[in-house]
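Visitor: final-v4.txt is reproduced below (compact mmCIF, C-alpha atoms).
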# COMPACT_ATOMS: atom_id res chain seq x y z
CA MET A 897 18.72 8.50 -16.19
CA ALA A 898 16.74 11.62 -15.34
CA ILE A 899 14.57 11.64 -12.25
CA VAL A 900 10.93 12.52 -12.79
CA THR A 901 10.09 15.60 -10.74
CA PRO A 902 6.67 16.69 -9.53
CA THR A 903 6.75 19.74 -11.78
CA THR A 904 7.33 17.76 -14.97
CA ALA A 905 5.60 14.46 -14.26
CA PRO A 906 2.06 13.88 -15.48
CA ARG A 907 -0.54 13.04 -12.86
CA GLY A 908 -1.67 9.48 -12.17
CA TYR A 909 -0.11 6.12 -11.53
CA ARG A 910 1.04 5.72 -15.14
CA SER A 911 3.64 8.42 -14.52
CA VAL A 912 5.29 6.20 -11.92
CA PHE A 913 5.64 3.21 -14.25
CA ARG A 914 7.36 5.42 -16.82
CA VAL A 915 10.41 5.40 -14.53
CA ARG A 916 12.45 2.33 -15.49
CA GLU A 917 14.01 1.86 -12.06
CA PHE A 918 10.62 1.88 -10.39
CA ARG A 919 9.43 -0.96 -12.61
CA ALA A 920 12.28 -3.09 -11.25
CA VAL A 921 11.50 -2.03 -7.66
CA PHE A 922 7.80 -2.79 -8.15
CA ALA A 923 8.43 -6.26 -9.60
CA ALA A 924 10.90 -7.07 -6.83
CA HIS A 925 8.40 -5.92 -4.20
CA LEU A 926 5.65 -8.07 -5.69
CA MET A 927 7.86 -11.17 -5.62
CA SER A 928 9.13 -10.65 -2.08
CA VAL A 929 5.71 -9.83 -0.59
CA LEU A 930 4.02 -12.84 -2.15
CA GLY A 931 6.99 -14.93 -1.04
CA VAL A 932 6.63 -13.79 2.57
CA VAL A 933 2.90 -14.57 2.64
CA VAL A 934 3.33 -18.02 1.10
CA ALA A 935 6.28 -18.76 3.41
CA GLU A 936 4.19 -17.86 6.47
CA ILE A 937 1.45 -20.29 5.47
CA ALA A 938 3.80 -23.09 4.50
CA LEU A 939 5.97 -22.71 7.59
CA THR A 940 2.95 -22.64 9.90
CA VAL A 941 1.67 -25.87 8.34
CA LEU A 942 5.14 -27.44 8.50
CA VAL A 943 5.58 -26.64 12.20
CA TYR A 944 2.07 -27.86 13.06
CA ARG A 945 2.66 -31.16 11.25
CA ALA A 946 5.98 -31.60 13.04
CA THR A 947 4.74 -30.74 16.55
CA GLY A 948 0.95 -31.22 16.51
CA SER A 949 0.81 -28.08 18.68
CA PRO A 950 -1.58 -25.21 17.87
CA LEU A 951 0.52 -22.99 20.17
CA MET A 952 3.70 -23.64 18.17
CA SER A 953 1.80 -23.05 14.93
CA ALA A 954 0.48 -19.70 16.20
CA LEU A 955 3.93 -18.76 17.51
CA THR A 956 5.41 -19.41 14.07
CA PHE A 957 2.98 -16.92 12.54
CA ALA A 958 3.60 -14.37 15.32
CA LEU A 959 7.36 -14.52 14.72
CA GLY A 960 6.72 -12.69 11.46
CA PHE A 961 5.87 -9.59 13.53
CA LEU A 962 7.63 -9.79 16.90
CA PRO A 963 11.24 -8.99 15.78
CA TYR A 964 10.16 -5.83 13.92
CA ALA A 965 10.72 -3.43 16.81
CA LEU A 966 14.17 -4.83 17.63
CA GLY A 967 15.29 -5.01 14.01
CA GLY A 968 13.97 -1.56 13.19
CA THR A 969 15.75 -0.01 16.17
CA LEU A 970 19.11 -1.80 15.91
CA LEU A 971 19.47 -1.79 12.12
CA ALA A 972 18.02 1.64 11.25
CA GLY A 973 21.45 3.29 10.97
CA ILE A 974 22.52 0.86 8.23
CA ALA A 975 19.87 2.30 5.90
CA ASP A 976 21.83 5.56 5.57
CA ARG A 977 25.36 4.28 6.22
CA TYR A 978 25.64 2.09 3.08
CA PRO A 979 24.39 2.46 -0.51
CA ALA A 980 20.71 1.56 -0.71
CA ARG A 981 21.11 -1.00 -3.49
CA ARG A 982 23.75 -2.88 -1.52
CA VAL A 983 21.51 -3.01 1.58
CA LEU A 984 18.45 -4.15 -0.39
CA VAL A 985 20.28 -6.89 -2.28
CA GLY A 986 21.95 -8.07 0.92
CA CYS A 987 18.62 -8.35 2.76
CA ASP A 988 17.06 -10.28 -0.14
CA LEU A 989 20.00 -12.69 -0.31
CA LEU A 990 19.84 -13.28 3.45
CA CYS A 991 16.10 -14.07 3.20
CA ALA A 992 16.73 -16.38 0.25
CA ALA A 993 19.39 -18.22 2.25
CA CYS A 994 17.05 -18.54 5.24
CA ALA A 995 14.27 -19.92 3.04
CA ALA A 996 16.67 -22.40 1.45
CA ALA A 997 17.76 -23.59 4.90
CA MET A 998 14.12 -23.98 5.97
CA ALA A 999 13.50 -26.19 2.95
CA VAL A 1000 16.22 -28.66 3.96
CA PRO A 1001 14.52 -31.97 4.91
CA GLY A 1002 14.73 -32.78 8.60
CA ALA A 1003 15.54 -29.25 9.80
CA PRO A 1004 14.53 -29.08 13.51
CA VAL A 1005 11.58 -26.88 14.50
CA ALA A 1006 13.84 -24.69 16.65
CA VAL A 1007 16.03 -23.98 13.62
CA LEU A 1008 12.96 -23.13 11.52
CA LEU A 1009 11.81 -20.60 14.13
CA VAL A 1010 15.26 -19.00 14.37
CA LEU A 1011 15.41 -18.65 10.59
CA ARG A 1012 11.93 -17.10 10.57
CA CYS A 1013 13.07 -14.61 13.20
CA ALA A 1014 16.12 -13.72 11.09
CA MET A 1015 13.91 -12.94 8.08
CA ALA A 1016 11.60 -10.78 10.18
CA PHE A 1017 14.56 -9.06 11.87
CA VAL A 1018 15.89 -7.62 8.59
CA ALA A 1019 12.43 -6.86 7.14
CA PRO A 1020 12.16 -3.31 8.60
CA LEU A 1021 15.65 -2.47 7.30
CA PHE A 1022 14.72 -3.66 3.81
CA GLN A 1023 11.40 -1.81 3.79
CA GLY A 1024 12.82 1.41 5.23
CA THR A 1025 15.76 1.43 2.82
CA ARG A 1026 13.50 0.76 -0.16
CA ASN A 1027 11.02 3.49 0.85
CA ALA A 1028 13.84 5.98 1.37
CA SER A 1029 15.42 5.11 -1.97
CA LEU A 1030 12.10 5.73 -3.72
CA ALA A 1031 12.69 9.44 -3.19
CA ASP A 1032 15.98 9.06 -5.08
CA VAL A 1033 14.35 7.11 -7.90
CA LEU A 1034 11.17 9.18 -8.23
CA GLY A 1035 12.04 12.50 -6.60
CA PRO A 1036 10.53 13.57 -3.26
CA GLY A 1037 7.32 14.97 -4.75
CA GLU A 1038 4.00 13.72 -6.09
CA VAL A 1039 5.45 10.81 -8.05
CA PHE A 1040 7.12 9.54 -4.85
CA VAL A 1041 3.75 9.60 -3.08
CA LEU A 1042 2.14 7.60 -5.88
CA GLY A 1043 5.01 5.12 -5.87
CA ARG A 1044 4.61 4.57 -2.12
CA SER A 1045 0.89 4.13 -2.65
CA LEU A 1046 1.44 1.45 -5.29
CA LEU A 1047 3.76 -0.52 -3.02
CA ARG A 1048 1.23 -0.35 -0.19
CA MET A 1049 -1.52 -1.58 -2.50
CA VAL A 1050 0.66 -4.52 -3.52
CA ALA A 1051 1.08 -5.42 0.16
CA GLN A 1052 -2.68 -5.20 0.79
CA SER A 1053 -3.43 -7.25 -2.33
CA ALA A 1054 -0.93 -9.87 -1.19
CA LEU A 1055 -3.05 -10.45 1.90
CA LEU A 1056 -6.05 -11.14 -0.34
CA ILE A 1057 -4.24 -13.17 -3.01
CA GLY A 1058 -1.24 -14.60 -1.19
CA PHE A 1059 -3.15 -16.69 1.35
CA GLY A 1060 -5.26 -18.20 -1.40
CA LEU A 1061 -2.19 -18.80 -3.55
CA GLY A 1062 -0.39 -20.36 -0.61
CA GLY A 1063 -3.26 -22.69 0.12
CA LEU A 1064 -3.39 -23.69 -3.55
CA LEU A 1065 0.36 -24.35 -3.66
CA LEU A 1066 0.11 -26.62 -0.62
CA THR A 1067 -2.37 -28.83 -2.45
CA VAL A 1068 0.29 -29.70 -5.03
CA LEU A 1069 3.54 -29.13 -3.12
CA ALA A 1070 4.87 -30.19 0.26
CA PRO A 1071 5.39 -27.24 2.68
CA ARG A 1072 9.16 -27.40 2.18
CA GLY A 1073 8.67 -27.19 -1.58
CA ALA A 1074 6.53 -24.07 -1.21
CA ILE A 1075 9.19 -22.53 1.05
CA ALA A 1076 11.85 -23.33 -1.56
CA LEU A 1077 9.81 -21.39 -4.12
CA THR A 1078 9.73 -18.37 -1.83
CA GLY A 1079 13.52 -18.58 -1.62
CA ALA A 1080 13.65 -18.44 -5.40
CA GLY A 1081 11.38 -15.38 -5.25
CA PHE A 1082 13.77 -13.58 -2.89
CA LEU A 1083 16.66 -14.44 -5.17
CA ALA A 1084 14.79 -13.06 -8.19
CA SER A 1085 14.04 -9.89 -6.22
CA ALA A 1086 17.75 -9.50 -5.43
CA LEU A 1087 18.66 -9.85 -9.11
CA LEU A 1088 16.04 -7.29 -10.16
CA LEU A 1089 17.31 -4.76 -7.65
CA ARG A 1090 20.97 -5.43 -8.46
CA PHE A 1091 20.64 -5.03 -12.22
CA GLY A 1092 17.51 -2.86 -12.45
CA THR A 1093 18.46 0.00 -10.13
CA ALA A 1094 21.37 2.44 -10.03
CA LEU A 1095 24.12 2.37 -7.42
CA ARG A 1096 23.91 5.63 -5.44
CA PRO A 1097 26.22 6.77 -2.65
CA ALA A 1098 25.17 6.38 0.97
CA ARG A 1099 23.31 9.34 2.47
CA GLY A 1100 25.17 9.14 5.77
CA SER A 1101 28.62 9.26 4.12
CA GLY A 1102 29.78 6.30 6.20
CA VAL A 1103 29.15 8.08 9.54
CA ARG A 1104 28.57 5.57 12.33
CA THR A 1105 25.93 6.31 14.94
CA SER A 1106 24.53 4.38 17.88
CA PRO A 1107 21.41 2.28 17.19
CA LEU A 1108 19.26 4.73 19.15
CA ALA A 1109 20.70 7.89 17.58
CA GLY A 1110 18.36 7.70 14.59
CA ALA A 1111 15.34 7.23 16.85
CA ARG A 1112 16.36 10.24 18.93
CA ALA A 1113 16.92 12.34 15.82
CA VAL A 1114 13.49 11.49 14.42
CA LEU A 1115 11.41 11.46 17.59
CA GLY A 1116 13.26 14.41 19.11
CA ASP A 1117 11.91 16.75 16.41
CA ARG A 1118 8.39 17.89 17.31
CA ARG A 1119 6.97 17.87 13.79
CA LEU A 1120 8.59 14.57 12.83
CA ARG A 1121 7.38 13.01 16.07
CA ALA A 1122 3.79 14.12 15.43
CA LEU A 1123 3.92 12.86 11.83
CA THR A 1124 5.42 9.53 12.90
CA LEU A 1125 2.71 9.04 15.53
CA LEU A 1126 0.06 9.86 12.94
CA PHE A 1127 1.34 6.87 10.96
CA TRP A 1128 1.74 4.63 14.01
CA LEU A 1129 -1.27 5.17 16.27
CA PRO A 1130 -4.42 5.11 14.06
CA PRO A 1131 -3.67 1.55 12.83
CA LEU A 1132 -3.35 0.45 16.47
CA PHE A 1133 -7.08 1.15 16.80
CA LEU A 1134 -8.10 0.12 13.28
CA VAL A 1135 -6.81 -3.44 13.76
CA VAL A 1136 -9.19 -3.95 16.68
CA PRO A 1137 -12.23 -5.01 14.58
CA GLU A 1138 -10.07 -7.30 12.44
CA ALA A 1139 -8.56 -8.90 15.54
CA LEU A 1140 -12.03 -9.55 16.98
CA LEU A 1141 -13.90 -10.49 13.81
CA ALA A 1142 -13.92 -14.22 14.60
CA PRO A 1143 -15.69 -13.89 17.97
CA TYR A 1144 -17.94 -11.12 16.66
CA ALA A 1145 -18.99 -13.21 13.64
CA ALA A 1146 -19.69 -16.17 15.91
CA GLY A 1147 -21.78 -13.93 18.16
CA ILE A 1148 -24.07 -12.85 15.30
CA GLY A 1149 -24.33 -16.39 13.89
CA ALA A 1150 -22.14 -15.88 10.79
CA ASP A 1151 -20.34 -18.93 9.38
CA THR A 1152 -16.68 -19.19 8.36
CA ALA A 1153 -17.41 -18.25 4.74
CA VAL A 1154 -18.92 -14.97 5.90
CA LEU A 1155 -15.96 -14.45 8.23
CA GLY A 1156 -13.61 -14.71 5.25
CA LEU A 1157 -15.68 -12.10 3.42
CA LEU A 1158 -15.55 -9.77 6.41
CA MET A 1159 -11.77 -10.18 6.68
CA CYS A 1160 -11.42 -8.91 3.09
CA ALA A 1161 -13.57 -5.81 3.63
CA MET A 1162 -11.01 -3.42 5.12
CA PRO A 1163 -8.17 -4.32 2.70
CA VAL A 1164 -10.57 -3.84 -0.23
CA GLY A 1165 -11.61 -0.44 1.14
CA THR A 1166 -7.98 0.52 1.67
CA ILE A 1167 -7.01 -0.32 -1.91
CA ALA A 1168 -10.05 1.53 -3.28
CA GLY A 1169 -9.28 4.60 -1.17
CA GLU A 1170 -5.67 4.74 -2.31
CA LEU A 1171 -6.64 4.30 -5.95
CA TRP A 1172 -9.15 7.13 -5.67
CA ALA A 1173 -6.75 9.51 -3.95
CA GLY A 1174 -3.87 8.66 -6.28
CA SER A 1175 -5.75 8.86 -9.56
CA ALA A 1176 -8.51 11.42 -8.98
CA LEU A 1177 -7.06 14.01 -6.57
CA THR A 1178 -4.36 16.63 -6.88
CA ALA A 1179 -1.48 16.84 -4.43
CA ARG A 1180 -3.07 19.87 -2.73
CA THR A 1181 -6.41 18.10 -2.31
CA ARG A 1182 -4.68 15.02 -0.88
CA SER A 1183 -3.06 17.28 1.66
CA ARG A 1184 -6.37 18.89 2.60
CA ILE A 1185 -8.12 15.56 3.27
CA VAL A 1186 -5.45 14.26 5.66
CA ALA A 1187 -7.02 15.67 8.84
CA PRO A 1188 -10.70 14.80 8.22
CA LEU A 1189 -10.04 11.30 6.91
CA ALA A 1190 -7.43 10.47 9.58
CA ALA A 1191 -10.06 11.27 12.21
CA ALA A 1192 -12.92 9.59 10.31
CA GLY A 1193 -11.13 6.23 9.99
CA PRO A 1194 -11.39 5.25 13.67
CA LEU A 1195 -14.64 7.19 14.18
CA VAL A 1196 -16.68 4.94 11.85
CA LEU A 1197 -15.96 2.04 14.22
CA LEU A 1198 -18.49 3.67 16.54
CA LEU A 1199 -21.12 1.97 14.35
CA PHE A 1200 -20.26 -1.27 16.17
CA ALA A 1201 -22.03 0.20 19.22
CA VAL A 1202 -25.38 -0.83 17.71
CA ARG A 1203 -24.07 -4.40 17.15
CA PRO A 1204 -24.63 -4.42 13.36
CA GLY A 1205 -25.26 -7.52 11.29
CA VAL A 1206 -23.13 -8.69 8.39
CA PRO A 1207 -24.11 -5.87 5.96
CA GLY A 1208 -23.44 -3.24 8.61
CA VAL A 1209 -20.06 -4.72 9.51
CA LEU A 1210 -19.08 -4.89 5.84
CA LEU A 1211 -20.02 -1.25 5.33
CA THR A 1212 -18.16 -0.13 8.47
CA LEU A 1213 -14.96 -1.93 7.56
CA VAL A 1214 -15.00 -0.73 3.96
CA LEU A 1215 -15.49 2.87 5.13
CA ALA A 1216 -12.63 2.53 7.62
CA GLY A 1217 -10.46 1.25 4.78
CA LEU A 1218 -11.49 4.05 2.42
CA ALA A 1219 -10.37 6.63 4.99
CA HIS A 1220 -6.84 5.28 4.48
CA ALA A 1221 -6.73 7.57 1.42
CA HIS A 1222 -5.35 10.23 3.77
CA THR A 1223 -2.01 8.37 3.84
CA LEU A 1224 -0.94 9.78 0.45
CA GLY A 1225 -1.05 13.33 1.77
CA LEU A 1226 0.63 12.23 4.98
CA ASP A 1227 3.43 10.63 2.94
CA GLN A 1228 4.14 13.98 1.29
CA TRP A 1229 4.23 15.80 4.62
CA TYR A 1230 6.64 13.19 5.98
CA VAL A 1231 9.14 13.21 3.12
CA ASP A 1232 9.10 17.03 3.17
CA ALA A 1233 9.87 17.06 6.90
CA VAL A 1234 12.62 14.41 7.05
CA PRO A 1235 16.17 15.63 6.32
CA GLU A 1236 17.68 13.65 3.46
CA GLU A 1237 20.55 12.32 5.60
CA LEU A 1238 17.98 10.81 8.02
CA ARG A 1239 15.58 9.46 5.42
CA GLY A 1240 16.63 5.81 5.58
CA ARG A 1241 16.60 5.66 9.38
CA ALA A 1242 13.28 7.51 9.56
CA MET A 1243 11.60 5.18 7.06
CA THR A 1244 13.00 2.09 8.82
CA LEU A 1245 11.69 3.25 12.19
CA LEU A 1246 8.38 4.21 10.62
CA GLY A 1247 7.77 0.70 9.26
CA ALA A 1248 9.03 -1.05 12.39
CA GLY A 1249 6.78 0.96 14.69
CA LEU A 1250 3.79 0.51 12.42
CA MET A 1251 4.06 -3.28 12.43
CA THR A 1252 4.85 -3.49 16.14
CA LEU A 1253 1.97 -1.31 17.27
CA GLN A 1254 -0.50 -3.22 15.12
CA GLY A 1255 0.57 -6.34 17.00
CA VAL A 1256 0.13 -4.49 20.29
CA GLY A 1257 -3.33 -3.35 19.18
CA MET A 1258 -4.38 -6.92 18.41
CA ALA A 1259 -3.14 -8.14 21.80
CA LEU A 1260 -4.88 -5.32 23.70
CA ALA A 1261 -8.11 -5.93 21.77
CA GLY A 1262 -8.09 -9.59 22.76
CA LEU A 1263 -7.38 -8.70 26.38
CA ALA A 1264 -10.20 -6.15 26.53
CA ALA A 1265 -12.63 -8.61 24.92
CA GLU A 1266 -12.02 -11.02 27.82
CA PHE A 1267 -13.87 -8.58 30.10
CA LEU A 1268 -16.10 -6.50 27.81
CA PRO A 1269 -18.52 -7.24 24.92
CA VAL A 1270 -16.74 -7.43 21.57
CA HIS A 1271 -18.90 -4.77 19.94
CA GLY A 1272 -18.22 -2.43 22.88
CA VAL A 1273 -14.46 -2.93 22.57
CA VAL A 1274 -14.53 -2.05 18.87
CA ALA A 1275 -16.74 1.01 19.38
CA GLY A 1276 -14.56 2.17 22.28
CA ALA A 1277 -11.44 1.77 20.13
CA GLY A 1278 -13.06 4.03 17.55
CA VAL A 1279 -13.76 6.79 20.08
CA VAL A 1280 -10.32 6.66 21.70
CA GLY A 1281 -8.63 6.43 18.30
CA THR A 1282 -10.38 9.55 17.05
CA LEU A 1283 -9.44 11.51 20.17
CA VAL A 1284 -5.80 10.44 19.76
CA VAL A 1285 -5.80 11.55 16.11
CA LEU A 1286 -7.28 14.94 17.01
CA VAL A 1287 -4.59 15.51 19.66
CA LEU A 1288 -1.84 14.59 17.19
CA LEU A 1289 -3.28 16.87 14.51
CA ALA A 1290 -3.36 19.75 17.00
CA ASP A 1291 0.29 19.08 17.90
CA LEU A 1292 1.21 18.92 14.21
CA ARG A 1293 -0.54 22.24 13.57
CA ALA A 1294 1.32 23.81 16.49
CA SER A 1295 4.65 22.49 15.21
CA GLY A 1296 3.93 24.07 11.81
CA ARG A 1297 3.36 27.45 13.45
CA SER A 1298 6.51 27.18 15.54
CA ARG A 1299 8.83 26.71 12.55
CA GLY A 1300 8.83 26.66 8.75
CA GLY A 1301 9.18 23.65 6.49
CA PRO A 1302 12.39 22.07 5.23
CA ALA A 1303 15.18 24.59 4.58
CA GLY A 1304 13.06 27.29 6.23
CA ARG A 1305 10.29 27.18 3.64
CA PRO A 1306 6.90 28.13 5.13
CA ARG A 1307 3.89 25.83 5.03
CA ASP A 1308 0.33 26.76 4.21
CA GLU A 1309 -2.61 25.75 6.40
CA THR A 1310 -2.75 22.27 4.81
CA GLY A 1311 0.84 21.44 5.66
CA VAL A 1312 2.06 21.77 2.06
CA VAL A 1313 5.46 23.42 1.64
CA THR A 1314 4.95 26.62 -0.33
CA LYS A 1315 7.29 27.62 -3.14
Mind converting the file's structure to structure tokens?

Guide:
Amino acid sequence: MAIVTPTTAPRGYRSVFRVREFRAVFAAHLMSVLGVVVAEIALTVLVYRATGSPLMSALTFALGFLPYALGGTLLAGIADRYPARRVLVGCDLLCAACAAAMAVPGAPVAVLLVLRCAMAFVAPLFQGTRNASLADVLGPGEVFVLGRSLLRMVAQSALLIGFGLGGLLLTVLAPRGAIALTGAGFLASALLLRFGTALRPARGSGVRTSPLAGARAVLGDRRLRALTLLFWLPPLFLVVPEALLAPYAAGIGADTAVLGLLMCAMPVGTIAGELWAGSALTARTRSRIVAPLAAAGPLVLLLFAVRPGVPGVLLTLVLAGLAHAHTLGLDQWYVDAVPEELRGRAMTLLGAGLMTLQGVGMALAGLAAEFLPVHGVVAGAGVVGTLVVLVLLADLRASGRSRGGPAGRPRDETGVVTK
């Protein structure tokens, strides 16, 4: 099947769905993401009922994030060493087996936690391999960027829909039954990827490298390092208001219903921003808005300095989410800069660092709020986050002057590789 290239593909998200393989990838992603969200809810409830401990319940949820850094570092080389389809199907089957084992009646809590860790451990490998393989399915141009955007929007929507769906499922099913359904979802995802995508050779041609070799190759390159940090660091600051929404809402007298509304604000803004950038802007315009929107995202958190009420908080969080539209242009810069033989490792490390640093940001926000007013912590995060983004953009600009783009091609002032 022919790959759609950026020179022949029509603009807009419809062009992505015209690629048959992407439809299989998209459906598999939808099933696995919803499965993960439902499994997190059901497993948290199951552990709490078994132990009666809020700490164990919270730890169960945290285990969905903690193994990311280790898994992303140790497994990154596999993404390029073996064919992508084989890696993706293998990860899905492992997760399906873990979910099936969790659903076994009488499984001890310790076993449940180990199985949850195993699922989280392979998650960065799965995500990095899938993101790298998108460039094979869609080509490394505009259609790839739109495909990445669609997968991100599915993940954001899963946070809005999945928790509600999980809660609804638990009204009619026992937690183990809900977990069994997620296992079926992983199995369906594996079948879609196995029979809906082509088998392509490994990028690394079977070359074995140490677990840290990929990290050194990616982070040792000045431009790749700056681009990677532009993905990693802004979310570290943008999670601060979400991490502190519960105490902030309590401080302004908002009830739990309002808190739920506030929690939805940033994901809604993020989805709207991506839709706007993907459907209304050209590739060149997306590239031009990277710098201003990357800096504006954290900067709007400065509005918390005036301790806004519910309408002000809603507006601030939606605006911070809308600024996420810059990610589409950043995606193009990244895939242009990463050598093809490193693409799987780079994408795996990218996802692992992103998840890990968001967890770090939440922890640091909670620690700071023990000593400082919540609204001051959020506003301070906005200022520091903007300064960090400006430093990274300056470093990225300097790296562009010091060398050309991939294969020696020069870049224009927006970072776009010129023809």

Visitor: In Å to one decimal, how far is atom CA of Gly986 of chain A from atom CA of Leu1011 of chain A?

Guide: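 These atoms are spaced 15.8 Å apart.
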
Visitor: Kindly give the distance, in Å, that separates atom CA of Leu1042 of chain A and atom CA of Gly1174 of chain A, rounded to a single decimal.

Guide: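 Atom CA of Gly1174 of chain A lies at a distance of 6.1 Å from atom CA of Leu1042 of chain A.
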
Visitor: With only C-alpha atoms as the basis for distance, which of A:Leu1030, A:Ala1216, A:Leu1245, A:Val1209 is at the shortest distance from Val1231 of chain A?

Guide: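 Residue with the minimum atom-to-atom distance to Val1231 of chain A: A:Leu1030.
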
Visitor: Using all atoms listed in the file, which of the listed residues (A:Ser1053, A:Thr1093, A:Ser1085, A:Thr1252) sits closest to Ser928 of chain A?

Guide: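 Among the listed residues, A:Ser1085 lies closest to Ser928 of chain A.
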
Visitor: I'd like the contact shell of segment 1089-1091 of chain A - 7 Å cut-off, all atoms listed in the file, skipping same-chain residues fewer than 5 positions apart - returned as a list in words.

Guide: Ala920, Val921, Ala924, Arg981 and Val985 of chain A

Visitor: When you count all atoms listed in the file, which of these residues is closest to Leu1292 of chain A: A:Val912, A:Leu1088, A:Val1186, A:Leu959?

Guide: A:Val1186

Visitor: Between A:Val1000, A:Ala993, A:Ala975, A:Leu1211, which has the minimum distance to Met1015 of chain A (counting all atoms listed in the file)?

Guide: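 Distance minimum relative to Met1015 of chain A lands on A:Ala993.
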
Visitor: Could you tell me how far atom CA of Arg1048 of chain A lies from atom CA of Ala1142 of chain A, in Å and to one decimal?

Guide: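 Value for the atom CA of Arg1048 of chain A-atom CA of Ala1142 of chain A distance: 25.3 Å.
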
Visitor: Kindly provide, as an MDAnalysis selection string, the polymer residues lying within 10 Å of (14.9, 5.7, -6.0), counting all atoms listed in the file and using the coordinates exactly as they appear in the file.

Guide: chainID A and resid 899 915 917:918 921 980:981 1025:1036 1040 1043 1093:1096

Visitor: Take the residues from that selection and write them out as an mmCIF file, keeping the file's coordinate frame, keeping C-alpha atoms.

Guide:
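Heads up, here's the output in selection_11.cif:
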data_model
loop_
_atom_site.group_PDB
_atom_site.id
_atom_site.type_symbol
_atom_site.label_atom_id
_atom_site.label_comp_id
_atom_site.auth_asym_id
_atom_site.auth_seq_id
_atom_site.Cartn_x
_atom_site.Cartn_y
_atom_site.Cartn_z
ATOM 1 C CA ILE A 899 14.570 11.640 -12.250
ATOM 2 C CA VAL A 915 10.410 5.400 -14.530
ATOM 3 C CA GLU A 917 14.010 1.860 -12.060
ATOM 4 C CA PHE A 918 10.620 1.880 -10.390
ATOM 5 C CA VAL A 921 11.500 -2.030 -7.660
ATOM 6 C CA ALA A 980 20.710 1.560 -0.710
ATOM 7 C CA ARG A 981 21.110 -1.000 -3.490
ATOM 8 C CA THR A 1025 15.760 1.430 2.820
ATOM 9 C CA ARG A 1026 13.500 0.760 -0.160
ATOM 10 C CA ASN A 1027 11.020 3.490 0.850
ATOM 11 C CA ALA A 1028 13.840 5.980 1.370
ATOM 12 C CA SER A 1029 15.420 5.110 -1.970
ATOM 13 C CA LEU A 1030 12.100 5.730 -3.720
ATOM 14 C CA ALA A 1031 12.690 9.440 -3.190
ATOM 15 C CA ASP A 1032 15.980 9.060 -5.080
ATOM 16 C CA VAL A 1033 14.350 7.110 -7.900
ATOM 17 C CA LEU A 1034 11.170 9.180 -8.230
ATOM 18 C CA GLY A 1035 12.040 12.500 -6.600
ATOM 19 C CA PRO A 1036 10.530 13.570 -3.260
ATOM 20 C CA PHE A 1040 7.120 9.540 -4.850
ATOM 21 C CA GLY A 1043 5.010 5.120 -5.870
ATOM 22 C CA THR A 1093 18.460 0.000 -10.130
ATOM 23 C CA ALA A 1094 21.370 2.440 -10.030
ATOM 24 C CA LEU A 1095 24.120 2.370 -7.420
ATOM 25 C CA ARG A 1096 23.910 5.630 -5.440
#

Visitor: Tell me which of A:Leu1064, A:Val1234, A:Leu1283, A:Leu1132 sits closest to Arg1118 of chain A, counting all atoms listed in the file.

Guide: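 Ranked by minimum distance to Arg1118 of chain A, first place goes to A:Val1234.
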
Visitor: Is it possible to add N, CA and C atoms to segment 916-926 of chain A and hand it back as a short mmCIF file (atom, residue, chain, number, x, y, z; two decimals), in the coordinates of the input?

Guide:
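Result file part01.cif:
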data_model
loop_
_atom_site.label_atom_id
_atom_site.label_comp_id
_atom_site.auth_asym_id
_atom_site.auth_seq_id
_atom_site.Cartn_x
_atom_site.Cartn_y
_atom_site.Cartn_z
N ARG A 916 11.96 3.71 -15.31
CA ARG A 916 12.45 2.33 -15.49
C ARG A 916 12.86 1.69 -14.17
N GLU A 917 13.57 2.43 -13.34
CA GLU A 917 14.01 1.86 -12.06
C GLU A 917 12.83 1.45 -11.20
N PHE A 918 11.76 2.24 -11.22
CA PHE A 918 10.62 1.88 -10.39
C PHE A 918 9.99 0.57 -10.85
N ARG A 919 10.00 0.32 -12.14
CA ARG A 919 9.43 -0.96 -12.61
C ARG A 919 10.18 -2.14 -12.00
N ALA A 920 11.49 -2.02 -11.89
CA ALA A 920 12.28 -3.09 -11.25
C ALA A 920 11.95 -3.19 -9.76
N VAL A 921 11.84 -2.03 -9.09
CA VAL A 921 11.50 -2.03 -7.66
C VAL A 921 10.12 -2.64 -7.44
N PHE A 922 9.17 -2.29 -8.29
CA PHE A 922 7.80 -2.79 -8.15
C PHE A 922 7.76 -4.31 -8.33
N ALA A 923 8.42 -4.82 -9.36
CA ALA A 923 8.43 -6.26 -9.60
C ALA A 923 9.11 -7.00 -8.46
N ALA A 924 10.21 -6.45 -7.96
CA ALA A 924 10.90 -7.07 -6.83
C ALA A 924 10.02 -7.09 -5.59
N HIS A 925 9.30 -6.00 -5.35
CA HIS A 925 8.40 -5.92 -4.20
C HIS A 925 7.29 -6.96 -4.31
N LEU A 926 6.72 -7.10 -5.48
CA LEU A 926 5.65 -8.07 -5.69
C LEU A 926 6.14 -9.49 -5.38
#
